[in-house]
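Participant: First the structure, which I've put down as structure tokens, then a few questions once you've had a look.
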Amino acid sequence: DQDVGNTEVEDWVLNPGDMLYLPPRVPHCGIALSPGCMTLSVGCRAPSVSDFVSRIAEQFSNSLEDVAVRRYTDDDLLIDGSIANFSPGEITAKAKDDAKHLVLNALTKMMDDDSVWDEFFGRFVTEPKRLRNNYPIPLEADEFDGTTIKDVLDGSGMLYHAEGICFSYSAVNSQDVIGTATPIIYRLYVNGEMWQSDLADDGMFYQTIANNRVLDRTMLSKSIGNDKRCEKKVEFLEELVSDGLLYVAEE
């Protein structure tokens, strides 16, 4: 009943189980046609250029790196000031060019560093799209006894991604990562947080976690293995459970 002027409007009536896809930036509204109606809206993350630039600016504003805190300077201002036709109110072509290159050099340094850009992108695309208070919900000390993952490995229940939490993984050339001696760094991103390792075995472990919203005994046993590092992997999964990013439930 809203006044939409000359805008073209289409009506679609969905029956139970139907799904309607709406491309980005298509205004819409839904109206329940029966008392027991329940609808579910699922949004697919598609950051705009504005989203990227805003987050990059935010990252620079919180950074103490030299490239971020470097200031614009007029090195030749005193020299120009001694010239007879010096115009103090003019924004010169040189000043504009210097300021532009100051910003471009900082952005180029960030984007040309594969490790830095990988971390920025991984954190950005896995963080919540909207602010959610008190979610995910971390477990209290008396709710978590450290045996959850071992129970799943023993065949009791399955391990699930917490609803609405995004899991992703990546591999990046390590030439720019300080303190590494291997060519590849493997990273797991969850809800805007990052974990990384220089071990290919951990890379496969991260991949299994990110690719499967439900992890059963077989998947976990295969990815955890039985070598001397298996306990570390179990502890890592317990950490994710404790943080509310994973949870155990019956099938």
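Lettering and numbering for the structure tokens are positional, with chains as A, B, ... in the shown order, residues counted from 1 in each chain, and ligands counted from 1 in the shown order.
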Please identify all polymer residues within 7 Å of Leu215 (chain A), counting only C-alpha atoms, omitting same-chain residues fewer than 5 positions from it, and present them as a short mmCIF file (atom, residue, chain, number, x, y, z; two decimals) with C-alpha atoms, in the first residue's frame.

Facilitator:
data_model
loop_
_atom_site.label_atom_id
_atom_site.label_comp_id
_atom_site.auth_asym_id
_atom_site.auth_seq_id
_atom_site.Cartn_x
_atom_site.Cartn_y
_atom_site.Cartn_z
CA MET A 158 29.28 -34.39 16.25
CA LEU A 159 31.08 -31.07 16.07
CA TYR A 160 29.15 -28.18 14.49
CA LEU A 220 38.18 -35.43 12.94
#

Participant: Give the helix (DSSP H, G or I) residues of region 31-220 of chain A, as DSSP finds them on the backbone, and put them as a PyMOL selection string.

Facilitator: chain A and resi 49-61+66-69+77-81+93-112+114-126+141-143+148-153+174-176+200-211+217-220

Participant: Skipping near chain neighbours, those fewer than 6 positions away, what residues fall within 8 Å of Arg123 (chain A) using only C-alpha atoms, listed as a ChimeraX atom specification?

Facilitator: /A:189-194

Participant: Just to confirm, what's the straight-line distance from CA of Glu163 (chain A) to CA of Gly225 (chain A) in Å (one decimal)?

Facilitator: 27.0 Å

Participant: Would you work out the distance separating CA of Met19 (chain A) from CA of Thr7 (chain A), expressed in Å to one decimal?

Facilitator: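 Straight-line distance from CA of Met19 (chain A) to CA of Thr7 (chain A) works out to 23.7 Å.
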
Participant: As an exercise, work out the distance from CA of Trp12 (chain A) to CA of Gly30 (chain A) in Å and give it to one decimal place.

Facilitator: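 According to the coordinates, CA of Trp12 (chain A) and CA of Gly30 (chain A) are separated by 9.5 Å.
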
Participant: Need to verify the contact set: region 147-151 of chain A, 12 Å, only C-alpha atoms, exclusion of same-chain residues closer than 6 positions in sequence. Can you return it as an NGL selection string?

Facilitator: :A and (139 or 157-160 or 215-217 or 220-221 or 224 or 230-242 or 246-250)

Participant: Using only C-alpha atoms, pick whichever of A:Ile185, A:Tyr21, A:Asp112, A:Gln196 has the shortest atom-to-atom distance to Val42 (chain A).

Facilitator: A:Tyr21

Participant: Pick out the closest residue to Ile31 (chain A) from this set: A:Ala106, A:Ala68, A:Leu188, A:Leu14. Count only C-alpha atoms.

Facilitator: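 Ranking A:Ala106, A:Ala68, A:Leu188, A:Leu14 by distance to Ile31 (chain A), first place goes to A:Leu14.
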
Participant: Quick one: everything within 10 Å of Pro47 (chain A), counting only C-alpha atoms, minus sequence neighbours fewer than 3 positions away in the same chain. Send it as a list in words.

Facilitator: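 Counting only the stated atoms, we get Cys44, Ser50, Asp51, Phe52, Phe124, Val125 and Lys129 of chain A.
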
Participant: From region 2-251 of chain A, collect each residue whose DSSP state is strand (DSSP E) and return the set as a ChimeraX atom specification.

Facilitator: /A:158-161,167-173,184-190,193-197,214-215,246-249

Participant: List the spatial neighbours of Pro24 (chain A) as a PDB file with N, CA and C atoms, in the first residue's frame - criterion: any atom at most 10 Å away, only C-alpha atoms, same-chain residues fewer than 6 positions off excluded.

Facilitator:
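So selection-v6.pdb came out as:
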ATOM      1  N   GLY A  43      21.297 -13.537   3.721  1.00  0.00           N
ATOM      2  CA  GLY A  43      22.056 -12.581   2.932  1.00  0.00           C
ATOM      3  C   GLY A  43      23.425 -13.122   2.568  1.00  0.00           C
ATOM      4  N   CYS A  44      23.839 -12.937   1.321  1.00  0.00           N
ATOM      5  CA  CYS A  44      25.165 -13.363   0.870  1.00  0.00           C
ATOM      6  C   CYS A  44      26.109 -12.163   0.906  1.00  0.00           C
ATOM      7  N   ARG A  45      27.258 -12.333   1.547  1.00  0.00           N
ATOM      8  CA  ARG A  45      28.191 -11.226   1.715  1.00  0.00           C
ATOM      9  C   ARG A  45      28.810 -10.832   0.381  1.00  0.00           C
ATOM     10  N   ALA A  46      28.660  -9.585   0.016  1.00  0.00           N
ATOM     11  CA  ALA A  46      29.259  -9.066  -1.215  1.00  0.00           C
ATOM     12  C   ALA A  46      29.737  -7.647  -0.932  1.00  0.00           C
TER      13      ALA A  46
END
